[in-house]
Amino acid sequence: MSKKWTPKELLYDLVSIQSDSFTAQEIQISRHIFELIQEQDYWKEHPDLCGLYDGGDVIGRLIPWALRRGNTDRTIILTGHMDCVEIESYGTLRPFALQPDRLKEEMLKQAYTGEVLDDLKSPDWCFGRGTADMKAGDACIICELFKYAQEGLKEDLNILFVAVHDEEHQAEGIKQAVILLKELKDRFGLDYKFLLNPEPMLRSDPNKYVYVDGSIGKMLPGIVVKGTQSHVGNIMNGLNSALLAANVAGLLDFNADFCCSEFGQSTPPPAVLYMKDSKNEYDVSLPNYTEIYAHIPLTKNKSMPEMVMKLKELCRTAAENTIEKYNRNYEAAGGSKEGRVNFKIEVMTFAELEDICRRKVADFEKKKAELFRQETDAVNSGSKLIQTAGFDIMERVIEMANIKEPLIVIGLLPPYVPPVNNHYLKDFDRQAMIDRVAELLDKRFGMGIDIVPYTMGLSDNSYTSCTEVEQDIEAMKNMVTPKELYDIPFEDIAKVTVPSIICGPAGKDFHTATERVYLPDVEIKTPAVIETIINSI
C-alpha cells in the first residue's frame, strides 16, 4: 500500500538529505526521490512511467521523473530543483542545519533579535537549509503527484513531475531536463499546457499570495581591455589597460540607462562583479590586459544583441574619455609634443574579432579548435573556472589576430539566462488562470493575489520557453566558451515551449543561516493553489 505523505513530513525527509549544488550529494537526493516514487503502487504497476534520466552531466547527476498518465494528451509539468547552497554559513550550528526542530531549539539559545526571534518562537516557521529554497515546494508538488496517482483524480490530464539539479550553479539540470521533456513528449504523445515551479517567494503583504508570471534574464559580458605596454618609468609611451578598464567599469556599474522595464517592473542596474589585470606575477610594466566580468539583467522586451550594441557604445565613450585624459595630462607630466602617441582604441565583439582572425590567420579554425580543447580540459579537470577559461580564450584570440593597438573586446560568458514571460505566449489565456487562483485564495483563505511580472531571483523557468529561437541562437554566437563547456539547447526548448509560473510557499532569508519557510503555506495554501491549477488545465 502506497505511503501517504503530508507535505510537512516530506519536507523534513528531503531536508535531512544534504544536497549541496555541484557535488555528488545531488546524486544521492535524486536517487532518494526516485525511490520514493518507486515505492508508490501506481509506479510499481507502471514502471515504464518513471525513471532516472542521465543527461550526460559532467559529474554524473541524474534527473528523477514520474508521469501520472491521463486519458488525453494534455499535460501539466510540475518541476523544482533538488540542490541547495552550502551549510557552512551555519557555523557552530552546522550539525543541526538539516534538522529543523533541533536547529530551532539551538537557535533559540543564541542572541537572535527582531523578526528572526519572532519567527523562531512561532510554530508557523520552519528553519533549516533548503526548507524554503526549495524543498518545501518540492514536497508540495510530489505530494500532489502522489495524491492524484493514488486517488485517480483528474484523469483527463497527464501530470509529469521532473526534479532537476544544479539550479544554484549553472542551471545544467534544467537544460538537461529540456532534452528529457522533448523525449517524453515524443514517447508518450504529450501536449504540454502548463508548467508550475513552486519556488519560494518573499511576501511583502501577508494577506496576498505571490503569483509570478515570468522570470528575469541576465547576460554576463566578459570585457577584455588591451592597452599598450610600457615600463612605468616610460608611462607616457604606453596606455594603461587598467585605466581604460576603470573607465568602462565606472560607466557601466549602477548605470540606470541599462535598466529594463516591462509590465510595470524594472530590473536592477548592472553590476561589475570583478575587474582585474591578467598578470600572474609582479613586475613594473603596465598590465597588457585587464578583464571585466559584469552582470546585466534583462526583461523580455530587451534582446541580448540590443544590449550588446548598447554596451559597445558605452565602451566607445570610455575609450574617448581615456584618450582625452591621456592628452590632457601628457604635457603636464612633462611629455614632449613630438613624443605623444596618437592612440586609436578599437571596440568590437568577440564574434567580430573571430571574423578578423578568419580573414587574417591561416588555419584559424584549427588553431581555435586546439585552444578550445585545451581550455575544455582545464575546466573539466577542475584546474580552471569556466569564466577564467573564457577570458583566456579572448586574450589568445586577440594575440592570434596580431592586433597591436589598444582594444576593447566584448564577449558573452556563462551563464546566460534568457528572460521569459507568459504575455508572449499568444495561445495561453494567462488571465483566466490568474482569475481561478485569485478566486480560490479569496473564497477559501480571504487572501488577495500579488501578480509579479518577473521574479528577480532568476529561475529554471527561463529554459522552458523560447519564442524567438533564431534570435537566441544568433545571440549565442558571441558566447566565448565552446559548446562542449556551455550550451543552451534553444531548438529543443522551442519544441517544448510552455507557459510557466512560480507559485510556491512564502519564505525568508534564502541562502543564509536563518533560511525558513512558512508552514501554513506548505501544509495548506500551496497544495490548494497547485490543486486548483491542475484542475484548471
# chains A, B, ... in the order shown; residues from 1 in each chain; ligands from 1
$ closest_atom_pairs --of "region 145-206 of chain A" --to "region 492-505 of chain A" --cutoff "10 Å" --atoms "only C-alpha atoms" --output "tab-separated table"
residue	atom	partner	partner_atom	distance
A:Lys175	CA	A:Ile493	CA	8.5
A:Ala177	CA	A:Ile493	CA	9.9
A:Val178	CA	A:Ile493	CA	6.2
A:Ile179	CA	A:Asp492	CA	6.5
A:Leu180	CA	A:Asp492	CA	9.8
A:Leu181	CA	A:Val496	CA	6.9
A:Lys182	CA	A:Val496	CA	6.1
A:Glu183	CA	A:Asp492	CA	9.8
A:Lys185	CA	A:Val496	CA	8.1
A:Asp191	CA	A:Val496	CA	9.0
A:Tyr192	CA	A:Val498	CA	6.2
A:Lys193	CA	A:Val498	CA	6.1
A:Phe194	CA	A:Pro499	CA	5.1
A:Leu195	CA	A:Ser500	CA	4.5
A:Leu196	CA	A:Ile501	CA	5.4
A:Asn197	CA	A:Ile502	CA	4.8
A:Pro198	CA	A:Gly504	CA	3.8
A:Glu199	CA	A:Gly504	CA	5.0
A:Pro200	CA	A:Gly504	CA	4.8
A:Met201	CA	A:Pro505	CA	6.2
A:Leu202	CA	A:Pro505	CA	8.7
A:Arg203	CA	A:Pro505	CA	9.1
$ select_by_dssp --residues "region 20-238 of chain A" --states "strand (DSSP E)" --output "PyMOL selection string"
chain A and resi 50-53+63-68+74-81+125-127+158-164+191-197+208-212+214-215+217-226
$ closest_residue --among "A:Gly335, A:Pro527, A:Pro221, A:Pro418" --to "Asn301 (chain A)" --atoms "only C-alpha atoms"
A:Pro418
$ select_by_dssp --residues "region 128-354 of chain A" --states "alpha helix (DSSP H)" --output "VMD selection string"
chain A and resid 136 to 151 172 to 188 241 to 252 304 to 330 350 to 354
$ closest_residue --among "A:Glu531, A:Glu88, A:Asp427, A:Glu515" --to "Lys104 (chain A)" --atoms "only C-alpha atoms"
A:Glu515
$ atom_distance --atom1 "CA of Asp156 (chain A)" --atom2 "CA of Phe188 (chain A)"
14.5 Å
$ atom_distance --atom1 "CA of Val224 (chain A)" --atom2 "CA of Glu172 (chain A)"
26.2 Å
$ residues_around --residues "Arg68 (chain A)" --least-positions-apart "4" --cutoff "12 Å" --atoms "only C-alpha atoms" --output "VMD selection string"
chain A and resid 37 40 to 43 45 to 50 72 to 78 142 144 to 162 188 190
$ closest_residue --among "A:Ala242, A:Ala389, A:Met400, A:Phe350" --to "Glu365 (chain A)" --atoms "only C-alpha atoms"
A:Met400
$ closest_atom_pairs --of "region 185-269 of chain A" --to "region 338-349 of chain A" --cutoff "10 Å" --atoms "only C-alpha atoms" --output "Markdown table"
| residue | atom | partner | partner_atom | distance |
| --- | --- | --- | --- | --- |
| A:Ile223 | CA | A:Thr349 | CA | 9.1 |
| A:Val225 | CA | A:Val347 | CA | 9.3 |
| A:Lys226 | CA | A:Ile345 | CA | 9.1 |
| A:Gly227 | CA | A:Ile345 | CA | 8.8 |
| A:Thr228 | CA | A:Phe343 | CA | 9.1 |
| A:Met236 | CA | A:Arg340 | CA | 7.5 |
| A:Asn237 | CA | A:Val341 | CA | 6.5 |
| A:Gly238 | CA | A:Val341 | CA | 8.1 |
| A:Leu239 | CA | A:Phe343 | CA | 8.2 |
| A:Leu244 | CA | A:Ile345 | CA | 9.7 |
$ residues_around --residues "region 13-16 of chain A" --least-positions-apart "6" --cutoff "12 Å" --atoms "only C-alpha atoms" --output "PyMOL selection string"
chain A and resi 5-7+25-26+28-33+36+81-84+87+95-103+126-140+142+516-517
$ atom_distance --atom1 "CA of Asn71 (chain A)" --atom2 "CA of Lys44 (chain A)"
19.3 Å
